[in-house]
Amino acid sequence: MSKNIFVTGTGTEIGKTYVAGLLVKKLHEAGEKSAYYKAAMSGNDKDADGNLIPGDAKFVKELAGIDQNLNEMCPYIYERAYSPHLAAQIEGNPVNLDYVVEKLRDLEKKYDYITLEGSGGILCPLRFDDEEIYLEDFVKKAKLSSIIVADAGLGTINNLVLTAFYMKEKGMKIKGIIFNNFIPGDVMQEDNIKMCQHMSGLKVLACVKKGDKDLDIDIDKLKEIYE
């Protein structure tokens with residue numbers, strides 16, 4: 001049975017997929033059977049045969065150098081770059097929470113470590129029709145601990161602290177923060193990191209600079225984050 005971690009962010013386009021790829025890559029290069037999983041993925045292109053390509057999964061697969069099949073990385077794929085709940089209302093095929101967890105359990109039998117990524121921020125709705133499903137429902141049902149990815153720049157204190165507060169209030173376990181787009185020596189960013197730690201009570205696991213191809217964290221400490 002695998003050990004897992006859920007990667008959420010303070011918003012969309014914050015770098016969750018990039019960080020998830022670095023996590024998968026770090027474990028893979030350490031000789032572990034490392035996999036990626038995302039419940040629902042929007043904003044995807046079609047191949048020549050008209051089939052949707054799970055773009056985030058493809059990015060992680062190539063960055064990490066893993067041979068995991070794209071078909072098992074994401075059970076729900078949508079073309080429109082909307083929240084999954086709206087994309088499903090337009091395109092059909094709404095998220096079934098039991099099916100999402102079932103597919104994750106199948107992966108757990110094959111891999112040592114699974115890095116899961118959310119759609120957008122933690123408040124992103126996965127389904128909203130005759131049934132309401134939110135990312136937190138998946139996190140809780142799958143019994144996942146989380147990492148929050150945040151941008152190191154302006155505005156991150158408010159976004160990070162509010163995200164952490166919400167998750168704690170909803171009973172979700174947070175293992176720490178990974179800052180993206182970090183510029184070493186930048187006075188504001190250094191202060192942002194200090195204030196985020198102080199105000200959220202969370203520890204910083206790593207800081208990622210633009211273009212980084214390796215996550216600056218000890219592999220044994222990384223493994224301890226997964227549960």
# chains A, B, ... in the order shown; residues from 1 in each chain; ligands from 1
>>> residues_around(residues="Asn181 in chain A", least_positions_apart="6", cutoff="10 Å", atoms="only C-alpha atoms", output="mmCIF file with all heavy atoms, in the first residue's frame")
data_model
loop_
_atom_site.group_PDB
_atom_site.id
_atom_site.type_symbol
_atom_site.label_atom_id
_atom_site.label_comp_id
_atom_site.auth_asym_id
_atom_site.auth_seq_id
_atom_site.Cartn_x
_atom_site.Cartn_y
_atom_site.Cartn_z
ATOM 1 N N ILE A 14 -0.840 28.655 -9.528
ATOM 2 C CA ILE A 14 0.118 28.997 -8.486
ATOM 3 C C ILE A 14 1.374 28.132 -8.557
ATOM 4 O O ILE A 14 2.368 28.394 -7.886
ATOM 5 C CB ILE A 14 -0.555 28.883 -7.092
ATOM 6 C CG1 ILE A 14 0.069 29.859 -6.095
ATOM 7 C CG2 ILE A 14 -0.501 27.451 -6.569
ATOM 8 C CD1 ILE A 14 -0.276 31.296 -6.343
ATOM 9 N N GLY A 15 1.299 27.058 -9.363
ATOM 10 C CA GLY A 15 2.459 26.181 -9.528
ATOM 11 C C GLY A 15 2.299 24.819 -8.900
ATOM 12 O O GLY A 15 3.293 24.118 -8.675
ATOM 13 N N ALA A 150 2.313 27.842 -2.380
ATOM 14 C CA ALA A 150 2.031 29.275 -2.418
ATOM 15 C C ALA A 150 3.108 29.993 -3.202
ATOM 16 O O ALA A 150 4.253 29.556 -3.245
ATOM 17 C CB ALA A 150 1.959 29.833 -0.993
ATOM 18 N N ASP A 151 2.746 31.092 -3.840
ATOM 19 C CA ASP A 151 3.734 31.934 -4.495
ATOM 20 C C ASP A 151 4.486 32.708 -3.420
ATOM 21 O O ASP A 151 3.904 33.109 -2.409
ATOM 22 C CB ASP A 151 3.041 32.896 -5.452
ATOM 23 C CG ASP A 151 4.025 33.648 -6.330
ATOM 24 O OD1 ASP A 151 4.526 34.690 -5.885
ATOM 25 O OD2 ASP A 151 4.291 33.179 -7.452
ATOM 26 N N ALA A 152 5.776 32.912 -3.632
ATOM 27 C CA ALA A 152 6.584 33.597 -2.626
ATOM 28 C C ALA A 152 6.417 35.116 -2.672
ATOM 29 O O ALA A 152 6.877 35.811 -1.767
ATOM 30 C CB ALA A 152 8.058 33.241 -2.814
ATOM 31 N N GLY A 153 5.708 35.619 -3.681
ATOM 32 C CA GLY A 153 5.644 37.057 -3.902
ATOM 33 C C GLY A 153 4.523 37.777 -3.183
ATOM 34 O O GLY A 153 3.891 37.255 -2.257
ATOM 35 N N GLN A 189 10.184 38.731 -0.125
ATOM 36 C CA GLN A 189 9.870 37.304 -0.124
ATOM 37 C C GLN A 189 10.373 36.628 1.148
ATOM 38 O O GLN A 189 9.681 35.766 1.711
ATOM 39 C CB GLN A 189 10.469 36.631 -1.357
ATOM 40 C CG GLN A 189 9.786 37.036 -2.650
ATOM 41 C CD GLN A 189 10.105 36.094 -3.793
ATOM 42 O OE1 GLN A 189 10.819 35.105 -3.643
ATOM 43 N NE2 GLN A 189 9.553 36.386 -4.958
ATOM 44 N N CYS A 207 11.590 25.709 -0.822
ATOM 45 C CA CYS A 207 11.357 26.876 -1.679
ATOM 46 C C CYS A 207 11.846 26.530 -3.080
ATOM 47 O O CYS A 207 12.958 26.025 -3.242
ATOM 48 C CB CYS A 207 12.085 28.099 -1.142
ATOM 49 S SG CYS A 207 11.437 28.736 0.421
ATOM 50 N N VAL A 208 11.013 26.814 -4.073
ATOM 51 C CA VAL A 208 11.314 26.453 -5.457
ATOM 52 C C VAL A 208 11.562 27.708 -6.273
ATOM 53 O O VAL A 208 10.721 28.613 -6.313
ATOM 54 C CB VAL A 208 10.151 25.647 -6.071
ATOM 55 C CG1 VAL A 208 10.433 25.319 -7.536
ATOM 56 C CG2 VAL A 208 9.896 24.366 -5.272
ATOM 57 N N LYS A 209 12.699 27.767 -6.924
ATOM 58 C CA LYS A 209 13.030 28.885 -7.807
ATOM 59 C C LYS A 209 12.542 28.566 -9.223
ATOM 60 O O LYS A 209 12.367 27.397 -9.593
ATOM 61 C CB LYS A 209 14.533 29.142 -7.817
ATOM 62 C CG LYS A 209 15.128 29.428 -6.438
ATOM 63 C CD LYS A 209 16.616 29.750 -6.508
ATOM 64 C CE LYS A 209 17.449 28.585 -7.042
ATOM 65 N NZ LYS A 209 17.399 27.398 -6.147
ATOM 66 N N LYS A 210 12.341 29.602 -10.023
ATOM 67 C CA LYS A 210 11.935 29.396 -11.412
ATOM 68 C C LYS A 210 12.987 28.571 -12.143
ATOM 69 O O LYS A 210 14.170 28.861 -12.076
ATOM 70 C CB LYS A 210 11.735 30.736 -12.112
ATOM 71 C CG LYS A 210 10.488 31.480 -11.662
ATOM 72 C CD LYS A 210 10.275 32.752 -12.458
ATOM 73 C CE LYS A 210 8.995 33.447 -12.015
ATOM 74 N NZ LYS A 210 8.752 34.709 -12.766
ATOM 75 N N GLY A 211 12.519 27.528 -12.810
ATOM 76 C CA GLY A 211 13.424 26.684 -13.575
ATOM 77 C C GLY A 211 14.062 25.556 -12.798
ATOM 78 O O GLY A 211 14.807 24.753 -13.375
ATOM 79 N N ASP A 212 13.803 25.466 -11.507
ATOM 80 C CA ASP A 212 14.371 24.377 -10.714
ATOM 81 C C ASP A 212 13.942 23.015 -11.271
ATOM 82 O O ASP A 212 12.776 22.817 -11.611
ATOM 83 C CB ASP A 212 13.922 24.470 -9.249
ATOM 84 C CG ASP A 212 14.804 25.387 -8.419
ATOM 85 O OD1 ASP A 212 15.807 25.885 -8.959
ATOM 86 O OD2 ASP A 212 14.483 25.602 -7.232
#
>>> residues_around(residues="range 37-47 of chain A", least_positions_apart="6", cutoff="8 Å", atoms="only C-alpha atoms", output="number ranges by chain")
A: 53-57, 72-84, 87, 95, 100, 104, 114-119, 126
>>> closest_residue(among="A:Leu154, A:Leu215, A:Asn96, A:Ala164", to="Ile133 in chain A", atoms="only C-alpha atoms")
A:Asn96
>>> select_by_dssp(residues="range 19-226 of chain A", states="strand (DSSP E or B)", output="PyMOL selection string")
chain A and resi 34-38+40-41+46+52+76-77+113-117+125-128+132-134+146-151+174-180+204-207
>>> write_last_selection(atoms="N, CA, C and O atoms", output="short mmCIF file (atom, residue, chain, number, x, y, z; two decimals), in the first residue's frame")
data_model
loop_
_atom_site.label_atom_id
_atom_site.label_comp_id
_atom_site.auth_asym_id
_atom_site.auth_seq_id
_atom_site.Cartn_x
_atom_site.Cartn_y
_atom_site.Cartn_z
N SER A 34 6.96 5.85 -7.94
CA SER A 34 6.31 7.13 -7.66
C SER A 34 5.25 7.42 -8.72
O SER A 34 5.51 7.31 -9.92
N ALA A 35 4.05 7.83 -8.26
CA ALA A 35 2.94 8.06 -9.19
C ALA A 35 2.26 9.40 -8.92
O ALA A 35 2.46 10.03 -7.87
N TYR A 36 1.45 9.81 -9.88
CA TYR A 36 0.71 11.07 -9.83
C TYR A 36 -0.77 10.79 -10.03
O TYR A 36 -1.15 9.88 -10.79
N TYR A 37 -1.62 11.60 -9.35
CA TYR A 37 -3.06 11.39 -9.49
C TYR A 37 -3.79 12.72 -9.28
O TYR A 37 -3.48 13.48 -8.37
N LYS A 38 -4.74 12.99 -10.16
CA LYS A 38 -5.58 14.18 -10.04
C LYS A 38 -7.02 13.79 -10.34
O LYS A 38 -7.31 13.21 -11.40
N ALA A 40 -9.84 15.46 -11.06
CA ALA A 40 -10.50 16.08 -12.20
C ALA A 40 -9.60 17.16 -12.78
O ALA A 40 -8.98 17.92 -12.04
N MET A 41 -9.52 17.20 -14.10
CA MET A 41 -8.59 18.09 -14.78
C MET A 41 -9.31 18.83 -15.90
O MET A 41 -9.89 18.20 -16.79
N LYS A 46 -7.14 18.28 -27.34
CA LYS A 46 -7.46 16.99 -27.95
C LYS A 46 -6.33 16.55 -28.88
O LYS A 46 -5.64 17.38 -29.47
N LEU A 52 -9.25 13.67 -25.50
CA LEU A 52 -8.67 14.65 -24.61
C LEU A 52 -7.37 14.15 -23.99
O LEU A 52 -7.29 13.00 -23.55
N TYR A 76 -11.24 12.00 -14.54
CA TYR A 76 -12.19 12.94 -15.14
C TYR A 76 -11.42 14.07 -15.83
O TYR A 76 -10.68 14.82 -15.20
N ILE A 77 -11.62 14.16 -17.17
CA ILE A 77 -10.88 15.12 -17.99
C ILE A 77 -11.89 15.96 -18.79
O ILE A 77 -12.79 15.41 -19.43
N TYR A 113 4.67 5.56 -3.54
CA TYR A 113 4.30 6.92 -3.17
C TYR A 113 3.41 7.53 -4.25
O TYR A 113 3.72 7.43 -5.44
N ILE A 114 2.31 8.15 -3.82
CA ILE A 114 1.42 8.82 -4.78
C ILE A 114 1.29 10.29 -4.39
O ILE A 114 0.96 10.63 -3.25
N THR A 115 1.58 11.15 -5.35
CA THR A 115 1.42 12.59 -5.18
C THR A 115 0.13 13.00 -5.88
O THR A 115 0.00 12.84 -7.08
N LEU A 116 -0.82 13.49 -5.09
CA LEU A 116 -2.12 13.89 -5.64
C LEU A 116 -2.19 15.39 -5.75
O LEU A 116 -1.65 16.12 -4.91
N GLU A 117 -2.86 15.87 -6.79
CA GLU A 117 -2.98 17.31 -7.00
C GLU A 117 -4.45 17.70 -7.07
O GLU A 117 -5.26 17.02 -7.70
N PRO A 125 -15.03 23.60 -6.40
CA PRO A 125 -16.07 22.58 -6.48
C PRO A 125 -15.80 21.60 -7.62
O PRO A 125 -15.44 21.99 -8.73
N LEU A 126 -15.97 20.32 -7.33
CA LEU A 126 -15.78 19.28 -8.35
C LEU A 126 -17.09 18.96 -9.08
O LEU A 126 -17.08 18.55 -10.24
N ARG A 127 -18.20 19.14 -8.36
CA ARG A 127 -19.50 18.83 -8.96
C ARG A 127 -20.57 19.68 -8.29
O ARG A 127 -20.56 19.85 -7.07
N PHE A 128 -21.49 20.21 -9.11
CA PHE A 128 -22.57 21.02 -8.55
C PHE A 128 -23.79 20.91 -9.47
O PHE A 128 -23.99 21.70 -10.37
N GLU A 132 -23.55 17.78 -4.74
CA GLU A 132 -22.46 18.74 -4.53
C GLU A 132 -21.23 18.00 -4.01
O GLU A 132 -21.30 17.29 -3.02
N ILE A 133 -20.11 18.17 -4.72
CA ILE A 133 -18.84 17.57 -4.31
C ILE A 133 -17.76 18.63 -4.38
O ILE A 133 -17.63 19.34 -5.39
N TYR A 134 -16.98 18.74 -3.31
CA TYR A 134 -15.90 19.71 -3.25
C TYR A 134 -14.59 18.98 -3.02
O TYR A 134 -14.56 17.83 -2.58
N SER A 146 -2.11 17.04 3.53
CA SER A 146 -1.88 17.99 2.44
C SER A 146 -0.62 18.82 2.59
O SER A 146 -0.10 19.01 3.70
N ILE A 147 -0.15 19.31 1.45
CA ILE A 147 0.86 20.36 1.35
C ILE A 147 0.19 21.54 0.66
O ILE A 147 -0.58 21.36 -0.28
N ILE A 148 0.49 22.75 1.13
CA ILE A 148 -0.01 23.95 0.45
C ILE A 148 1.12 24.56 -0.38
O ILE A 148 2.19 24.84 0.14
N VAL A 149 0.85 24.77 -1.66
CA VAL A 149 1.79 25.47 -2.53
C VAL A 149 1.36 26.93 -2.61
O VAL A 149 0.19 27.23 -2.85
N ALA A 150 2.31 27.84 -2.38
CA ALA A 150 2.03 29.28 -2.42
C ALA A 150 3.11 29.99 -3.20
O ALA A 150 4.25 29.56 -3.24
N ASP A 151 2.75 31.09 -3.84
CA ASP A 151 3.73 31.93 -4.49
C ASP A 151 4.49 32.71 -3.42
O ASP A 151 3.90 33.11 -2.41
N ILE A 174 -2.47 19.44 7.55
CA ILE A 174 -1.51 20.11 6.67
C ILE A 174 -0.10 19.80 7.15
O ILE A 174 0.24 20.04 8.30
N LYS A 175 0.73 19.30 6.25
CA LYS A 175 2.10 18.93 6.62
C LYS A 175 3.10 20.07 6.44
O LYS A 175 4.21 20.00 6.95
N GLY A 176 2.73 21.11 5.70
CA GLY A 176 3.63 22.23 5.53
C GLY A 176 3.39 22.98 4.23
O GLY A 176 2.42 22.73 3.52
N ILE A 177 4.27 23.94 3.96
CA ILE A 177 4.15 24.84 2.81
C ILE A 177 5.36 24.65 1.88
O ILE A 177 6.48 24.47 2.34
N ILE A 178 5.10 24.72 0.58
CA ILE A 178 6.18 24.84 -0.40
C ILE A 178 5.95 26.14 -1.17
O ILE A 178 4.88 26.35 -1.74
N PHE A 179 6.96 27.02 -1.14
CA PHE A 179 6.85 28.30 -1.84
C PHE A 179 7.42 28.16 -3.25
O PHE A 179 8.51 27.62 -3.44
N ASN A 180 6.70 28.70 -4.21
CA ASN A 180 7.11 28.66 -5.61
C ASN A 180 7.55 30.06 -6.05
O ASN A 180 7.20 31.06 -5.42
N VAL A 204 7.84 25.59 6.61
CA VAL A 204 8.18 25.61 5.20
C VAL A 204 9.01 24.39 4.87
O VAL A 204 10.05 24.15 5.47
N LEU A 205 8.52 23.59 3.93
CA LEU A 205 9.20 22.35 3.56
C LEU A 205 10.29 22.59 2.52
O LEU A 205 11.32 21.92 2.54
N ALA A 206 10.04 23.54 1.61
CA ALA A 206 11.01 23.82 0.55
C ALA A 206 10.62 25.11 -0.15
O ALA A 206 9.47 25.55 -0.08
N CYS A 207 11.59 25.71 -0.82
CA CYS A 207 11.36 26.88 -1.68
C CYS A 207 11.85 26.53 -3.08
O CYS A 207 12.96 26.03 -3.24
#
>>> select_by_dssp(residues="range 63-223 of chain A", states="helix (DSSP H, G or I)", output="PyMOL selection string")
chain A and resi 63-64+70-72+84-91+97-108+135-141+156-169+187-200+219-223
>>> atom_distance(atom1="CA of Phe165 in chain A", atom2="CA of Met199 in chain A")
9.7 Å
>>> atom_distance(atom1="CA of Asn192 in chain A", atom2="CA of Leu162 in chain A")
14.1 Å
>>> closest_residue(among="A:Ala64, A:Leu222, A:Leu70, A:Val101", to="Lys25 in chain A", atoms="only C-alpha atoms")
A:Ala64
>>> residues_around(residues="Met172 in chain A", least_positions_apart="5", cutoff="12 Å", atoms="only C-alpha atoms", output="list of chain:residue names")
A:Ile5, A:Phe6, A:Thr8, A:Ile122, A:Leu135, A:Glu136, A:Asp137, A:Phe138, A:Val139, A:Lys140, A:Lys141, A:Ala142, A:Lys143, A:Leu144, A:Ser145, A:Ser146, A:Ile147, A:Ile148, A:Thr163, A:Ala164, A:Phe165, A:Tyr166, A:Met167
>>> write_last_selection(atoms="N, CA, C and O atoms", output="mmCIF file, in the first residue's frame")
data_model
loop_
_atom_site.group_PDB
_atom_site.id
_atom_site.type_symbol
_atom_site.label_atom_id
_atom_site.label_comp_id
_atom_site.auth_asym_id
_atom_site.auth_seq_id
_atom_site.Cartn_x
_atom_site.Cartn_y
_atom_site.Cartn_z
ATOM 1 N N ILE A 5 0.320 12.013 -0.495
ATOM 2 C CA ILE A 5 0.206 13.404 -0.063
ATOM 3 C C ILE A 5 -0.628 14.147 -1.096
ATOM 4 O O ILE A 5 -0.543 13.873 -2.296
ATOM 5 N N PHE A 6 -1.463 15.068 -0.625
ATOM 6 C CA PHE A 6 -2.310 15.878 -1.494
ATOM 7 C C PHE A 6 -1.715 17.270 -1.616
ATOM 8 O O PHE A 6 -1.405 17.915 -0.613
ATOM 9 N N THR A 8 -2.321 21.003 -2.619
ATOM 10 C CA THR A 8 -3.285 22.054 -2.932
ATOM 11 C C THR A 8 -2.525 23.364 -3.052
ATOM 12 O O THR A 8 -1.308 23.411 -2.874
ATOM 13 N N ILE A 122 -8.271 24.958 -2.652
ATOM 14 C CA ILE A 122 -8.957 23.929 -1.865
ATOM 15 C C ILE A 122 -10.473 24.088 -1.890
ATOM 16 O O ILE A 122 -11.207 23.131 -1.659
ATOM 17 N N LEU A 135 -13.486 19.673 -3.297
ATOM 18 C CA LEU A 135 -12.177 19.046 -3.117
ATOM 19 C C LEU A 135 -11.997 18.500 -1.707
ATOM 20 O O LEU A 135 -11.414 17.442 -1.512
ATOM 21 N N GLU A 136 -12.481 19.231 -0.717
ATOM 22 C CA GLU A 136 -12.320 18.766 0.658
ATOM 23 C C GLU A 136 -13.034 17.435 0.898
ATOM 24 O O GLU A 136 -12.594 16.629 1.725
ATOM 25 N N ASP A 137 -14.110 17.175 0.150
ATOM 26 C CA ASP A 137 -14.811 15.890 0.274
ATOM 27 C C ASP A 137 -13.903 14.747 -0.178
ATOM 28 O O ASP A 137 -13.862 13.683 0.447
ATOM 29 N N PHE A 138 -13.177 14.986 -1.260
ATOM 30 C CA PHE A 138 -12.235 13.975 -1.742
ATOM 31 C C PHE A 138 -11.090 13.780 -0.760
ATOM 32 O O PHE A 138 -10.714 12.652 -0.431
ATOM 33 N N VAL A 139 -10.520 14.883 -0.267
ATOM 34 C CA VAL A 139 -9.410 14.810 0.683
ATOM 35 C C VAL A 139 -9.808 14.008 1.917
ATOM 36 O O VAL A 139 -9.048 13.158 2.396
ATOM 37 N N LYS A 140 -11.000 14.270 2.424
ATOM 38 C CA LYS A 140 -11.451 13.586 3.640
ATOM 39 C C LYS A 140 -11.794 12.119 3.372
ATOM 40 O O LYS A 140 -11.433 11.242 4.157
ATOM 41 N N LYS A 141 -12.491 11.863 2.278
ATOM 42 C CA LYS A 141 -12.890 10.483 1.976
ATOM 43 C C LYS A 141 -11.672 9.595 1.714
ATOM 44 O O LYS A 141 -11.644 8.428 2.099
ATOM 45 N N ALA A 142 -10.660 10.167 1.064
ATOM 46 C CA ALA A 142 -9.439 9.410 0.766
ATOM 47 C C ALA A 142 -8.446 9.432 1.931
ATOM 48 O O ALA A 142 -7.391 8.800 1.860
ATOM 49 N N LYS A 143 -8.776 10.197 2.985
ATOM 50 C CA LYS A 143 -7.955 10.291 4.198
ATOM 51 C C LYS A 143 -6.537 10.756 3.873
ATOM 52 O O LYS A 143 -5.546 10.101 4.189
ATOM 53 N N LEU A 144 -6.467 11.940 3.253
ATOM 54 C CA LEU A 144 -5.199 12.475 2.790
ATOM 55 C C LEU A 144 -4.708 13.630 3.667
ATOM 56 O O LEU A 144 -5.505 14.452 4.120
ATOM 57 N N SER A 145 -3.405 13.691 3.873
ATOM 58 C CA SER A 145 -2.770 14.874 4.420
ATOM 59 C C SER A 145 -2.339 15.750 3.251
ATOM 60 O O SER A 145 -2.205 15.278 2.120
ATOM 61 N N SER A 146 -2.106 17.040 3.526
ATOM 62 C CA SER A 146 -1.881 17.990 2.442
ATOM 63 C C SER A 146 -0.616 18.818 2.594
ATOM 64 O O SER A 146 -0.105 19.005 3.701
ATOM 65 N N ILE A 147 -0.152 19.314 1.451
ATOM 66 C CA ILE A 147 0.863 20.361 1.352
ATOM 67 C C ILE A 147 0.191 21.540 0.662
ATOM 68 O O ILE A 147 -0.582 21.359 -0.283
ATOM 69 N N ILE A 148 0.485 22.752 1.126
ATOM 70 C CA ILE A 148 -0.012 23.947 0.449
ATOM 71 C C ILE A 148 1.119 24.563 -0.379
ATOM 72 O O ILE A 148 2.193 24.836 0.144
ATOM 73 N N THR A 163 -6.052 30.203 3.440
ATOM 74 C CA THR A 163 -6.158 28.805 2.997
ATOM 75 C C THR A 163 -5.892 27.851 4.154
ATOM 76 O O THR A 163 -6.643 26.890 4.372
ATOM 77 N N ALA A 164 -4.830 28.105 4.898
ATOM 78 C CA ALA A 164 -4.487 27.243 6.042
ATOM 79 C C ALA A 164 -5.577 27.277 7.102
ATOM 80 O O ALA A 164 -5.943 26.236 7.668
ATOM 81 N N PHE A 165 -6.113 28.460 7.372
ATOM 82 C CA PHE A 165 -7.180 28.594 8.373
ATOM 83 C C PHE A 165 -8.408 27.785 7.969
ATOM 84 O O PHE A 165 -8.979 27.049 8.776
ATOM 85 N N TYR A 166 -8.808 27.912 6.715
ATOM 86 C CA TYR A 166 -9.974 27.174 6.234
ATOM 87 C C TYR A 166 -9.769 25.669 6.354
ATOM 88 O O TYR A 166 -10.643 24.940 6.837
ATOM 89 N N MET A 167 -8.608 25.207 5.910
ATOM 90 C CA MET A 167 -8.343 23.766 5.938
ATOM 91 C C MET A 167 -8.332 23.220 7.366
ATOM 92 O O MET A 167 -8.872 22.146 7.638
#
>>> closest_residue(among="A:Gly21, A:Gly121, A:Gly155, A:Gly201", to="Lys213 in chain A", atoms="only C-alpha atoms")
A:Gly21
>>> atom_distance(atom1="CA of Lys168 in chain A", atom2="CA of Ser200 in chain A")
9.9 Å
>>> closest_residue(among="A:Lys223, A:Leu23, A:Leu202, A:Asp129", to="Asn93 in chain A", atoms="only C-alpha atoms")
A:Asp129
>>> decode(residues="range 155-162 of chain A", atoms="all heavy atoms", output="CSV table (one decimal), in the first residue's frame")
chain,number,residue,atom,x,y,z
A,155,GLY,N,1.3,39.4,-1.8
A,155,GLY,CA,-0.1,38.9,-1.6
A,155,GLY,C,-0.2,37.5,-1.0
A,155,GLY,O,-1.3,37.0,-0.6
A,156,THR,N,1.0,36.9,-0.8
A,156,THR,CA,0.9,35.5,-0.4
A,156,THR,C,0.6,35.3,1.1
A,156,THR,O,0.0,34.3,1.5
A,156,THR,CB,2.3,34.8,-0.7
A,156,THR,OG1,2.1,33.4,-0.7
A,156,THR,CG2,3.3,35.2,0.3
A,157,ILE,N,0.8,36.3,1.9
A,157,ILE,CA,0.5,36.2,3.3
A,157,ILE,C,-1.0,36.0,3.5
A,157,ILE,O,-1.4,35.0,4.2
A,157,ILE,CB,1.0,37.4,4.1
A,157,ILE,CG1,2.5,37.5,4.0
A,157,ILE,CG2,0.6,37.3,5.6
A,157,ILE,CD1,3.1,38.8,4.7
A,158,ASN,N,-1.8,36.9,2.9
A,158,ASN,CA,-3.2,36.8,3.0
A,158,ASN,C,-3.7,35.5,2.5
A,158,ASN,O,-4.5,34.7,3.1
A,158,ASN,CB,-3.9,38.0,2.3
A,158,ASN,CG,-5.4,38.0,2.4
A,158,ASN,OD1,-5.9,38.3,3.5
A,158,ASN,ND2,-6.0,37.7,1.4
A,159,ASN,N,-3.3,35.1,1.3
A,159,ASN,CA,-3.8,33.9,0.6
A,159,ASN,C,-3.4,32.6,1.3
A,159,ASN,O,-4.2,31.7,1.5
A,159,ASN,CB,-3.2,33.9,-0.8
A,159,ASN,CG,-3.7,35.0,-1.7
A,159,ASN,OD1,-4.8,35.6,-1.4
A,159,ASN,ND2,-3.1,35.3,-2.8
A,160,LEU,N,-2.2,32.6,1.8
A,160,LEU,CA,-1.7,31.4,2.5
A,160,LEU,C,-2.4,31.2,3.8
A,160,LEU,O,-2.9,30.1,4.2
A,160,LEU,CB,-0.2,31.4,2.6
A,160,LEU,CG,0.6,30.2,3.3
A,160,LEU,CD1,0.5,30.2,4.8
A,160,LEU,CD2,0.1,28.9,2.7
A,161,VAL,N,-2.4,32.3,4.6
A,161,VAL,CA,-3.0,32.2,5.9
A,161,VAL,C,-4.5,31.8,5.9
A,161,VAL,O,-5.0,31.0,6.7
A,161,VAL,CB,-2.8,33.5,6.7
A,161,VAL,CG1,-3.4,33.4,8.1
A,161,VAL,CG2,-1.3,33.7,6.9
A,162,LEU,N,-5.2,32.4,5.0
A,162,LEU,CA,-6.7,32.1,4.8
A,162,LEU,C,-6.9,30.7,4.4
A,162,LEU,O,-7.8,30.0,4.9
A,162,LEU,CB,-7.3,33.1,3.8
A,162,LEU,CG,-7.6,34.5,4.3
A,162,LEU,CD1,-8.1,35.3,3.2
A,162,LEU,CD2,-8.5,34.5,5.5
